[in-house]
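One file, work_29.txt, carrying compact mmCIF, C-alpha atoms:
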# COMPACT_ATOMS: atom_id res chain seq x y z
CA MET A 1 7.82 22.31 -21.25
CA ILE A 2 8.49 19.57 -18.75
CA ARG A 3 11.98 18.37 -17.92
CA TYR A 4 12.79 15.36 -15.77
CA LEU A 5 16.22 15.86 -14.23
CA TYR A 6 18.18 14.04 -11.56
CA ALA A 7 20.03 16.44 -9.23
CA GLU A 8 23.37 15.60 -10.80
CA GLN A 9 22.00 16.69 -14.21
CA LEU A 10 20.90 20.12 -12.97
CA ASP A 11 24.26 21.76 -13.60
CA ALA A 12 23.66 21.49 -17.32
CA PHE A 13 20.72 23.89 -16.79
CA PRO A 14 22.13 26.58 -14.46
CA ARG A 15 19.36 29.11 -15.09
CA LEU A 16 16.65 26.55 -14.49
CA ARG A 17 18.44 25.23 -11.39
CA ASP A 18 19.08 28.63 -9.80
CA THR A 19 15.59 29.98 -10.37
CA MET A 20 14.07 26.78 -8.99
CA PHE A 21 15.97 27.00 -5.70
CA ARG A 22 15.19 30.77 -5.47
CA HIS A 23 11.50 30.20 -6.07
CA ARG A 24 11.56 27.53 -3.43
CA ALA A 25 13.02 30.06 -0.97
CA GLU A 26 10.29 32.49 -1.93
CA GLN A 27 7.51 29.96 -1.47
CA PHE A 28 8.59 27.94 1.54
CA HIS A 29 10.62 30.51 3.49
CA LYS A 30 9.07 33.88 2.66
CA ARG A 31 5.46 33.06 1.89
CA LEU A 32 4.78 30.03 4.09
CA GLY A 33 7.30 30.72 6.84
CA TRP A 34 8.44 27.10 7.02
CA GLU A 35 11.62 26.40 8.94
CA VAL A 36 13.74 25.80 5.89
CA SER A 37 17.29 26.99 5.34
CA VAL A 38 18.14 29.52 2.70
CA ASP A 39 21.80 29.89 1.80
CA ALA A 40 23.85 32.98 0.88
CA GLU A 41 22.83 32.68 -2.75
CA GLY A 42 19.16 32.75 -1.79
CA PHE A 43 18.64 29.05 -2.52
CA GLU A 44 16.32 26.92 -0.42
CA ARG A 45 17.97 23.50 -0.24
CA ASP A 46 17.83 20.67 2.25
CA GLY A 47 19.52 17.34 2.84
CA TYR A 48 17.21 15.53 0.44
CA ASP A 49 18.47 17.69 -2.42
CA ASP A 50 21.87 16.11 -1.75
CA MET A 51 20.51 12.57 -2.24
CA ASN A 52 20.30 12.96 -6.00
CA PRO A 53 16.52 13.18 -6.21
CA LEU A 54 14.62 13.33 -9.47
CA TYR A 55 13.10 16.75 -10.16
CA VAL A 56 10.16 17.32 -12.45
CA ILE A 57 10.41 20.91 -13.64
CA TRP A 58 8.30 23.15 -15.84
CA GLU A 59 10.71 25.22 -17.89
CA MET A 60 9.47 28.60 -19.11
CA ALA A 61 10.22 29.85 -22.61
CA ASP A 62 13.13 31.94 -21.27
CA GLY A 63 14.73 28.91 -19.58
CA THR A 64 13.65 29.84 -16.07
CA HIS A 65 11.73 27.74 -13.56
CA GLY A 66 7.93 27.78 -13.75
CA GLY A 67 7.22 25.09 -11.19
CA SER A 68 8.67 21.87 -9.87
CA MET A 69 8.51 18.94 -7.54
CA ARG A 70 11.03 16.51 -6.15
CA PHE A 71 10.95 12.71 -6.04
CA LEU A 72 12.84 10.12 -4.00
CA PRO A 73 12.27 6.37 -3.67
CA THR A 74 10.71 5.33 -0.36
CA THR A 75 13.21 2.45 -0.12
CA GLY A 76 15.78 5.06 0.97
CA ASP A 77 15.62 8.06 3.32
CA THR A 78 12.50 10.15 2.90
CA MET A 79 11.15 13.28 4.51
CA VAL A 80 7.90 11.54 5.37
CA SER A 81 9.60 8.75 7.31
CA ASP A 82 12.26 10.99 8.87
CA HIS A 83 9.98 13.81 10.01
CA PHE A 84 6.31 12.99 9.64
CA LEU A 85 5.85 9.47 11.03
CA HIS A 86 3.30 10.93 13.44
CA LEU A 87 1.15 11.83 10.43
CA THR A 88 1.24 8.32 8.95
CA ASP A 89 0.12 6.47 12.07
CA GLY A 90 3.75 5.57 12.72
CA VAL A 91 3.92 3.58 9.48
CA ARG A 92 7.21 3.94 7.66
CA ILE A 93 5.87 3.95 4.12
CA GLU A 94 8.39 1.92 2.19
CA SER A 95 8.05 0.17 -1.15
CA PRO A 96 9.89 0.14 -4.47
CA LEU A 97 6.49 0.91 -6.00
CA ILE A 98 5.94 4.09 -3.97
CA TRP A 99 7.95 7.30 -4.45
CA GLU A 100 7.92 10.35 -2.25
CA CYS A 101 6.94 13.71 -3.74
CA THR A 102 7.98 16.88 -1.89
CA ARG A 103 8.64 20.60 -2.43
CA PHE A 104 5.85 21.20 -4.93
CA CYS A 105 6.68 24.76 -5.86
CA LEU A 106 5.23 27.28 -8.30
CA SER A 107 6.94 30.35 -9.66
CA PRO A 108 5.13 33.63 -8.92
CA ASP A 109 4.85 34.09 -12.71
CA ALA A 110 3.73 30.56 -13.49
CA PRO A 111 0.87 30.31 -15.98
CA ALA A 112 -2.24 28.67 -14.56
CA LYS A 113 -1.64 25.39 -16.36
CA VAL A 114 1.74 24.66 -14.76
CA SER A 115 0.43 22.86 -11.69
CA ALA A 116 -1.68 20.54 -13.86
CA ALA A 117 1.28 19.98 -16.19
CA LEU A 118 3.43 18.96 -13.22
CA MET A 119 0.84 16.56 -11.86
CA ALA A 120 0.41 15.04 -15.31
CA ALA A 121 4.18 14.56 -15.44
CA GLY A 122 3.94 12.77 -12.12
CA GLY A 123 1.38 10.48 -13.74
CA GLU A 124 3.82 9.87 -16.57
CA LEU A 125 6.42 8.72 -14.01
CA MET A 126 3.93 6.35 -12.40
CA ARG A 127 2.90 4.91 -15.75
CA ALA A 128 6.38 4.49 -17.18
CA PHE A 129 8.02 3.16 -14.03
CA HIS A 130 5.14 0.95 -12.90
CA LEU A 131 4.57 2.75 -9.60
CA THR A 132 1.40 2.35 -7.57
CA HIS A 133 1.51 5.48 -5.38
CA PHE A 134 3.18 8.72 -4.47
CA VAL A 135 3.31 9.83 -0.88
CA GLY A 136 3.64 13.59 -0.62
CA VAL A 137 4.33 16.45 1.76
CA PHE A 138 2.57 19.70 0.90
CA ASP A 139 1.31 23.01 2.24
CA ARG A 140 -2.29 24.00 2.86
CA ARG A 141 -2.67 26.02 -0.31
CA MET A 142 -1.84 22.95 -2.39
CA ILE A 143 -4.92 21.06 -1.22
CA ARG A 144 -7.11 23.53 -3.11
CA ILE A 145 -4.80 23.51 -6.14
CA TYR A 146 -4.77 19.70 -6.29
CA ARG A 147 -8.57 19.71 -6.10
CA MET A 148 -8.84 22.19 -8.95
CA ILE A 149 -6.53 20.03 -11.07
CA GLY A 150 -8.68 17.01 -10.34
CA SER A 151 -5.90 15.19 -8.53
CA SER A 152 -6.74 15.41 -4.85
CA PRO A 153 -4.52 13.35 -2.60
CA GLU A 154 -5.89 11.35 0.26
CA VAL A 155 -4.67 13.38 3.26
CA LEU A 156 -3.20 11.08 5.91
CA GLY A 157 -2.59 13.78 8.47
CA SER A 158 -1.70 17.42 9.00
CA ALA A 159 0.39 19.37 11.48
CA GLY A 160 0.72 23.07 12.25
CA GLU A 161 -1.72 25.92 11.84
CA GLY A 162 -2.47 28.53 9.20
CA SER A 163 0.12 29.01 6.50
CA GLU A 164 2.51 26.73 8.37
CA LYS A 165 0.13 23.79 8.12
CA ILE A 166 1.83 20.81 6.52
CA SER A 167 0.04 17.71 5.26
CA VAL A 168 1.05 14.23 4.19
CA GLY A 169 -1.05 12.63 1.48
CA LEU A 170 -1.27 9.81 -1.01
CA TRP A 171 -1.90 9.64 -4.72
CA GLN A 172 -2.80 6.39 -6.38
CA TYR A 173 -1.97 5.77 -10.04
CA ASP A 174 -5.02 6.04 -12.25
CA GLU A 175 -4.61 6.20 -16.03
CA ASN A 176 -7.98 7.95 -16.50
CA VAL A 177 -7.07 10.63 -13.99
CA ARG A 178 -3.70 11.12 -15.72
CA ARG A 179 -5.44 11.70 -19.06
CA ALA A 180 -7.99 14.05 -17.52
CA ILE A 181 -5.22 16.14 -15.92
CA LEU A 182 -3.34 16.30 -19.22
CA ALA A 183 -6.49 17.53 -20.93
CA ARG A 184 -6.92 20.15 -18.22
CA ALA A 185 -3.35 21.31 -18.77
CA GLY A 186 -3.98 21.48 -22.50
CA ILE A 187 -1.18 19.00 -23.21
CA SER A 188 -1.59 16.11 -25.62
CA LEU A 189 -0.62 12.55 -24.69
CA GLU A 190 1.99 12.60 -27.45
CA GLN A 191 3.52 15.85 -26.21
CA SER A 192 3.72 14.48 -22.68
CA GLN A 193 5.37 11.29 -23.90
CA GLN A 194 7.77 13.23 -26.04
CA TRP A 195 8.95 15.35 -23.10
CA PHE A 196 9.36 12.19 -21.10
CA ALA A 197 11.34 10.44 -23.83
CA ARG A 198 13.56 13.47 -24.36
CA SER A 199 14.62 13.34 -20.70
CA PHE A 200 15.06 9.60 -20.36
CA ASP A 201 16.18 8.45 -23.81
CA VAL A 202 19.36 9.22 -25.67
CA VAL A 203 18.86 10.86 -29.03
CA ALA A 204 20.07 8.21 -31.49
CA PRO A 205 17.49 5.53 -32.23
CA HIS A 206 18.30 2.07 -30.95
CA GLU A 207 18.19 0.29 -34.30
CA GLU A 208 20.72 2.67 -35.75
CA ARG A 209 23.15 2.12 -32.89
CA LEU A 210 22.77 -1.64 -33.04
CA SER A 211 23.33 -1.70 -36.76
CA LEU A 212 26.80 -0.33 -36.04
CA VAL A 213 27.79 -3.61 -34.48
CA ALA A 214 25.69 -6.01 -36.52
CA MET B 1 5.63 -17.98 -19.58
CA ARG B 2 5.07 -16.06 -16.41
CA PRO B 3 6.80 -17.37 -13.29
CA ASP B 4 4.79 -17.22 -10.11
CA LEU B 5 5.97 -14.22 -8.11
CA GLU B 6 4.98 -15.73 -4.79
CA ILE B 7 6.92 -18.93 -5.41
CA THR B 8 9.94 -16.95 -6.59
CA LEU B 9 9.97 -14.74 -3.51
CA ASP B 10 9.48 -17.73 -1.20
CA ARG B 11 12.44 -19.50 -2.77
CA LEU B 12 14.50 -16.35 -2.43
CA ALA B 13 13.49 -15.99 1.21
CA GLN B 14 14.95 -19.44 1.89
CA ALA B 15 18.24 -18.78 0.15
CA THR B 16 21.18 -18.72 2.56
CA THR B 17 24.12 -18.95 0.17
CA LEU B 18 25.31 -17.11 -2.91
CA GLU B 19 25.10 -20.42 -4.80
CA GLU B 20 21.38 -20.55 -4.11
CA LEU B 21 21.00 -17.04 -5.48
CA GLN B 22 22.87 -18.22 -8.55
CA SER B 23 20.47 -21.16 -8.96
CA GLU B 24 17.55 -18.78 -8.61
CA THR B 25 18.72 -16.74 -11.61
CA LEU B 26 18.81 -19.94 -13.69
CA ARG B 27 15.32 -20.91 -12.59
CA LEU B 28 13.96 -17.46 -13.26
CA ARG B 29 15.48 -17.44 -16.72
CA ASP B 30 14.03 -20.83 -17.60
CA GLU B 31 10.60 -20.01 -16.19
CA SER B 32 10.51 -16.68 -18.02
CA GLY B 33 11.77 -18.07 -21.31
CA ILE B 34 14.21 -15.19 -21.76
CA ALA B 35 17.93 -15.23 -22.52
CA ASN B 36 19.39 -13.99 -19.23
CA VAL B 37 18.72 -13.00 -15.64
CA VAL B 38 21.64 -11.29 -13.96
CA TYR B 39 22.41 -9.68 -10.63
CA HIS B 40 25.54 -7.53 -10.51
CA TRP B 41 26.75 -5.96 -7.27
CA THR B 42 29.48 -3.48 -6.51
CA ASN B 43 30.48 -1.13 -3.68
CA LEU B 44 32.66 1.90 -2.99
CA LYS B 45 35.73 -0.30 -2.59
CA GLY B 46 35.23 -1.59 -6.11
CA GLU B 47 34.43 -5.13 -5.01
CA GLN B 48 32.16 -6.94 -7.44
CA PHE B 49 29.89 -9.89 -7.08
CA GLY B 50 27.60 -11.41 -9.61
CA ALA B 51 25.00 -14.09 -9.96
CA GLY B 52 23.45 -14.81 -13.26
CA THR B 53 23.05 -16.76 -16.41
CA TYR B 54 25.67 -15.15 -18.63
CA ALA B 55 28.29 -17.55 -19.95
CA PRO B 56 31.00 -17.86 -17.26
CA GLU B 57 33.63 -16.91 -19.88
CA TRP B 58 31.83 -13.64 -20.48
CA ALA B 59 31.68 -12.85 -16.76
CA VAL B 60 35.42 -13.52 -16.39
CA HIS B 61 36.21 -11.52 -19.51
CA TYR B 62 34.05 -8.64 -18.22
CA ILE B 63 35.98 -8.51 -14.95
CA ASN B 64 39.40 -8.97 -16.57
CA GLN B 65 38.76 -6.22 -19.09
CA ASN B 66 37.39 -3.99 -16.34
CA TYR B 67 34.30 -3.46 -18.51
CA ILE B 68 32.45 -1.94 -15.54
CA ARG B 69 34.17 1.29 -16.64
CA VAL B 70 32.89 1.03 -20.20
CA ASP B 71 29.50 -0.63 -19.77
CA PRO B 72 26.78 2.01 -20.54
CA VAL B 73 24.35 -0.01 -18.41
CA VAL B 74 26.45 0.60 -15.30
CA SER B 75 27.07 4.31 -15.94
CA GLY B 76 23.47 4.79 -17.08
CA CYS B 77 21.98 3.18 -13.97
CA PHE B 78 24.40 4.52 -11.37
CA ASN B 79 22.72 7.36 -9.44
CA ARG B 80 19.33 6.47 -10.89
CA PHE B 81 16.36 4.86 -9.18
CA HIS B 82 14.04 4.18 -12.09
CA PRO B 83 14.09 0.94 -14.14
CA VAL B 84 16.27 1.54 -17.18
CA GLU B 85 15.66 0.17 -20.68
CA TRP B 86 18.96 -0.49 -22.44
CA LYS B 87 17.50 1.30 -25.46
CA GLN B 88 17.52 4.52 -23.45
CA LEU B 89 21.27 4.37 -22.93
CA ASP B 90 24.04 5.96 -24.90
CA TRP B 91 25.84 3.24 -26.88
CA SER B 92 27.31 5.68 -29.38
CA GLY B 93 30.89 5.93 -28.08
CA LYS B 94 33.60 3.86 -29.70
CA ALA B 95 34.39 1.84 -26.56
CA ALA B 96 30.71 1.27 -25.83
CA ARG B 97 30.10 0.06 -29.39
CA ALA B 98 32.98 -2.37 -29.25
CA PHE B 99 31.76 -3.58 -25.86
CA LEU B 100 28.23 -4.09 -27.18
CA GLY B 101 29.59 -6.08 -30.12
CA GLU B 102 31.43 -8.42 -27.79
CA ALA B 103 28.45 -8.69 -25.44
CA VAL B 104 26.07 -9.63 -28.24
CA GLU B 105 28.63 -12.16 -29.47
CA ALA B 106 28.75 -13.66 -25.98
CA GLY B 107 24.97 -14.14 -25.95
CA VAL B 108 24.08 -11.26 -23.62
CA GLY B 109 21.20 -10.15 -25.84
CA ARG B 110 20.35 -6.83 -27.43
CA GLN B 111 17.27 -6.18 -25.33
CA GLY B 112 17.74 -5.39 -21.68
CA LEU B 113 16.01 -3.93 -18.68
CA SER B 114 17.94 -3.11 -15.52
CA VAL B 115 16.62 -2.19 -12.08
CA PRO B 116 19.12 -0.07 -10.10
CA LEU B 117 19.39 -0.98 -6.42
CA ARG B 118 20.96 0.78 -3.46
CA GLY B 119 22.09 -0.57 -0.12
CA PRO B 120 24.07 0.77 2.83
CA ASN B 121 27.67 2.06 2.51
CA GLY B 122 27.59 2.89 -1.15
CA GLN B 123 26.41 -0.54 -2.19
CA PHE B 124 25.07 -0.46 -5.73
CA ALA B 125 23.57 -3.35 -7.65
CA LEU B 126 21.73 -4.01 -10.86
CA PHE B 127 19.12 -6.64 -11.48
CA THR B 128 18.87 -7.22 -15.20
CA VAL B 129 16.86 -9.27 -17.65
CA THR B 130 17.89 -9.58 -21.28
CA ASP B 131 16.77 -11.23 -24.47
CA GLU B 132 17.33 -11.45 -28.22
CA CYS B 133 13.71 -10.94 -29.26
CA ALA B 134 12.28 -8.21 -31.48
CA ASP B 135 11.39 -4.78 -30.12
CA SER B 136 7.64 -5.39 -30.07
CA ALA B 137 7.95 -8.69 -28.21
CA TRP B 138 10.31 -7.08 -25.71
CA ARG B 139 7.95 -4.15 -25.20
CA ALA B 140 5.13 -6.57 -24.42
CA TYR B 141 7.31 -8.55 -22.03
CA ALA B 142 8.50 -5.43 -20.21
CA ASP B 143 5.00 -3.98 -19.93
CA GLU B 144 3.74 -7.16 -18.37
CA ARG B 145 6.66 -8.02 -16.15
CA THR B 146 8.42 -4.85 -15.00
CA ARG B 147 6.47 -4.48 -11.78
CA ASP B 148 7.23 -8.07 -10.73
CA LEU B 149 10.86 -7.62 -11.73
CA ILE B 150 11.17 -4.52 -9.54
CA LEU B 151 9.87 -6.51 -6.57
CA ILE B 152 12.14 -9.49 -7.27
CA ALA B 153 15.12 -7.17 -7.79
CA HIS B 154 14.71 -5.46 -4.42
CA PHE B 155 14.21 -8.70 -2.54
CA PHE B 156 17.13 -10.30 -4.35
CA ASN B 157 19.37 -7.42 -3.28
CA GLN B 158 18.13 -7.65 0.30
CA LYS B 159 18.98 -11.36 0.37
CA ALA B 160 22.39 -10.78 -1.22
CA LEU B 161 23.18 -8.14 1.43
CA GLU B 162 22.01 -10.45 4.22
CA ILE B 163 24.13 -13.31 2.92
CA ARG B 164 27.20 -11.10 2.48
CA ARG B 165 26.76 -9.74 5.98
CA GLY B 166 26.49 -13.30 7.27
CA THR B 167 23.72 -12.46 9.67
CA ASP B 168 20.08 -13.27 9.89
CA TYR B 169 19.18 -9.64 10.33
CA ALA B 170 15.67 -9.23 9.03
CA GLU B 171 14.04 -5.99 8.04
CA VAL B 172 10.66 -7.35 9.07
CA MET B 173 11.14 -6.25 12.64
CA ARG B 174 10.48 -2.72 11.43
CA LEU B 175 6.79 -3.34 10.89
CA SER B 176 4.89 -0.70 12.83
CA PRO B 177 1.96 -1.52 15.15
CA ARG B 178 -0.41 -0.10 12.56
CA GLU B 179 0.89 -2.38 9.80
CA ILE B 180 0.59 -5.34 12.14
CA ASP B 181 -2.99 -4.30 13.00
CA ALA B 182 -3.87 -4.14 9.32
CA LEU B 183 -2.41 -7.58 8.56
CA THR B 184 -4.03 -9.07 11.66
CA MET B 185 -7.49 -7.93 10.59
CA LEU B 186 -7.03 -9.41 7.15
CA ALA B 187 -5.73 -12.61 8.72
CA ILE B 188 -8.90 -13.03 10.78
CA GLY B 189 -10.98 -12.64 7.66
CA TYR B 190 -11.99 -8.98 7.62
CA SER B 191 -12.46 -7.45 4.19
CA ARG B 192 -10.36 -4.40 3.32
CA ALA B 193 -13.39 -2.17 3.90
CA GLN B 194 -14.08 -3.70 7.31
CA ALA B 195 -10.43 -3.52 8.35
CA ALA B 196 -10.21 0.12 7.27
CA GLU B 197 -13.31 0.97 9.22
CA ARG B 198 -11.99 -0.75 12.33
CA LEU B 199 -8.72 1.15 12.06
CA SER B 200 -10.54 4.43 11.32
CA ILE B 201 -8.65 4.96 8.09
CA SER B 202 -9.77 4.92 4.48
CA GLU B 203 -9.43 1.84 2.33
CA HIS B 204 -6.98 3.76 0.18
CA THR B 205 -4.71 4.42 3.17
CA LEU B 206 -5.07 0.82 4.29
CA ARG B 207 -3.83 -0.29 0.88
CA VAL B 208 -0.67 1.77 1.28
CA TYR B 209 -0.01 0.44 4.78
CA ILE B 210 -0.44 -3.11 3.46
CA GLU B 211 1.79 -2.37 0.46
CA SER B 212 4.41 -1.07 2.85
CA ALA B 213 4.17 -4.20 5.02
CA ARG B 214 4.21 -6.39 1.89
CA SER B 215 7.43 -4.75 0.76
CA LYS B 216 9.15 -5.14 4.13
CA LEU B 217 8.11 -8.80 4.30
CA GLY B 218 9.30 -9.51 0.77
CA ALA B 219 5.86 -10.84 -0.09
CA ALA B 220 4.28 -11.05 -3.51
CA ASN B 221 0.79 -9.86 -2.57
CA THR B 222 -1.50 -9.26 0.38
CA THR B 223 -2.38 -12.91 1.02
CA HIS B 224 1.29 -13.80 0.86
CA ALA B 225 2.15 -10.96 3.27
CA VAL B 226 -0.43 -12.19 5.78
CA ALA B 227 0.92 -15.75 5.49
CA LYS B 228 4.50 -14.59 5.99
CA ALA B 229 3.61 -12.40 8.97
CA LEU B 230 1.86 -15.39 10.55
CA THR B 231 4.80 -17.70 9.90
CA LEU B 232 7.22 -15.18 11.38
CA GLY B 233 5.02 -14.78 14.44
CA LEU B 234 4.58 -11.08 13.78
CA ILE B 235 0.84 -11.45 14.06
CA LEU B 236 -0.85 -13.71 16.53
CA LEU B 237 -4.38 -14.98 16.19
What's the structure tokens form of this structure?
Amino acid sequence: MIRYLYAEQLDAFPRLRDTMFRHRAEQFHKRLGWEVSVDAEGFERDGYDDMNPLYVIWEMADGTHGGSMRFLPTTGDTMVSDHFLHLTDGVRIESPLIWECTRFCLSPDAPAKVSAALMAAGGELMRAFHLTHFVGVFDRRMIRIYRMIGSSPEVLGSAGEGSEKISVGLWQYDENVRRAILARAGISLEQSQQWFARSFDVVAPHEERLSLVA
Amino acid sequence: MRPDLEITLDRLAQATTLEELQSETLRLRDESGIANVVYHWTNLKGEQFGAGTYAPEWAVHYINQNYIRVDPVVSGCFNRFHPVEWKQLDWSGKAARAFLGEAVEAGVGRQGLSVPLRGPNGQFALFTVTDECADSAWRAYADERTRDLILIAHFFNQKALEIRRGTDYAEVMRLSPREIDALTMLAIGYSRAQAAERLSISEHTLRVYIESARSKLGAANTTHAVAKALTLGLILL
């Protein structure tokens, strides 16, 4: 299932949190050889993790991480503007309607549908929060995965060679694409909305709470 | 009724005092036909500043009672960057329930949508709209207006920061050559497709560059962004 968690909420899910940062170390440090820092606990974390980003995480049945990605608003500091301006024609992409998506990571044991489920969750964010685009940083392997999901970004530019190749790309919100990706992941619209509501809404229904003061 | 975003942003752009920001909240409320439009600002030092249409007695009471510590809207939006529906918040605690009772009494409204905003040095602000209407009417209003409200909220905060700083410092100087190229081509009458071709980028990418420039200029749409860039002398024909 999908969970939407701000960084400061991660501590309530220690198993999910720890396995996510370990899988990130595995993917970005070990497999791709990116220059990322891995701490003594084996966690891959960077400065953007300290800015209270919003994570979208696939939680496995045993409470561990199946896949994830990280979002930050482009009105604040972003990886794209801080490090990859040369890949965006020098344009500092900045708008309250555009969020940055980085560190798309899959667990080695992730079922095939997880990447589609994550992208569909991204679509849920765009729909619910009235966003127009995501701008993302991703590795070479992801280009093929995004294509298979039916959610190919428009690649703005790439740097590096081989497994170290990093690209910056754009996704535009499209309700039809969101529904197609959900179908591909085998997740119903209702299920997707329910996961979303569970993360962003409190449990008690509004009417009930208001009746307390009426 | 739907206020014209371009006119709203132009009025905001001309505001030079906190009083003018206050007047803008009144105008926005009247044009939107909703109960309240409120901007609430705080920083690490605990200073607060507000502009908005709440009854002045309520604003004073809120400050005197230090309700910022109780208000679920503040705690629920702090450290968030997505627009927050008041329905999503936790009003179940005893203090929060009492606070809500008083707020409703004071005409705040039971429906609310708040856009969290962040500025330098721990600045945190909320731009909020509220009403008394039924859930379905509020849903329809929010669906139609949230995107505009997000844009107004960010520009409102930018103006409030500028006014507080007492300088004319404008973010627009950060437009990159590529954004200026894109706006220039549109200004001389190129279509998006033609401009994209000239710049050797896709139309999709061009849209994002223009959206970025639009945001930095505090413009409502592409035409407005081009007009503002011309007025500011950022593009020359």
Please report as a PyMOL selection string which residues of chain A come no farther than 10 Å from chain B, using only C-alpha atoms.
chain A and resi 6-8+51-54+72-76+88-99+125+128-135+154-156+169-172+197-210+212-214
Interatomic distance (Å, one decimal) between atom CA of A:Val56 and atom CA of A:Phe71:
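These atoms are spaced 7.9 Å apart.
You can rank B:Gln194, B:Thr53, B:Asn221, B:Asn64 by their closest distance to B:Asp10 using all atoms listed in the file, and at the top of that list sits B:Asn221.
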Find the residues near A:Glu59: any atom within 9 Å, counting all atoms listed in the file, skip ones fewer than 3 places away on the same chain, and give them as JSON, numbers by chain.
{"A": [1, 2, 3, 16, 62, 63, 64, 65, 66, 67, 68]}
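Atom to atom, atom CA of A:Glu124 and atom CA of A:Asp174 stand 10.6 Å apart.
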Could you work out how far atom CA of B:Lys94 lies from atom CA of B:Tyr39, giving the answer in Å with one decimal?
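We find that atom CA of B:Tyr39 and atom CA of B:Lys94 lie 25.9 Å from each other.
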Spatial neighbours of B:Ala125, 10 Å, all atoms listed in the file, chain gap at least 2 places, as an MDAnalysis selection string:
chainID B and resid 39:43 48:50 74 77:78 114:119 122:123 127:128 153:154 157 160
Of B:Gly112, B:Gly189, B:Pro56, B:Gly33, the one nearest to B:Pro72 when counting only C-alpha atoms is B:Gly112
When you count all atoms listed in the file, which of these residues is closest to A:Glu164: A:Leu32, A:Leu87, A:Val137, A:Ala116?
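The closest residue to A:Glu164 is A:Leu32.
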List the neighbours of A:Asn176 out to 12 Å using all atoms listed in the file; skip same-chain residues closer than 4 positions along the sequence, and give me the result as number ranges by chain.
A: 120, 123-124, 127, 150-151, 172, 180-183, 189
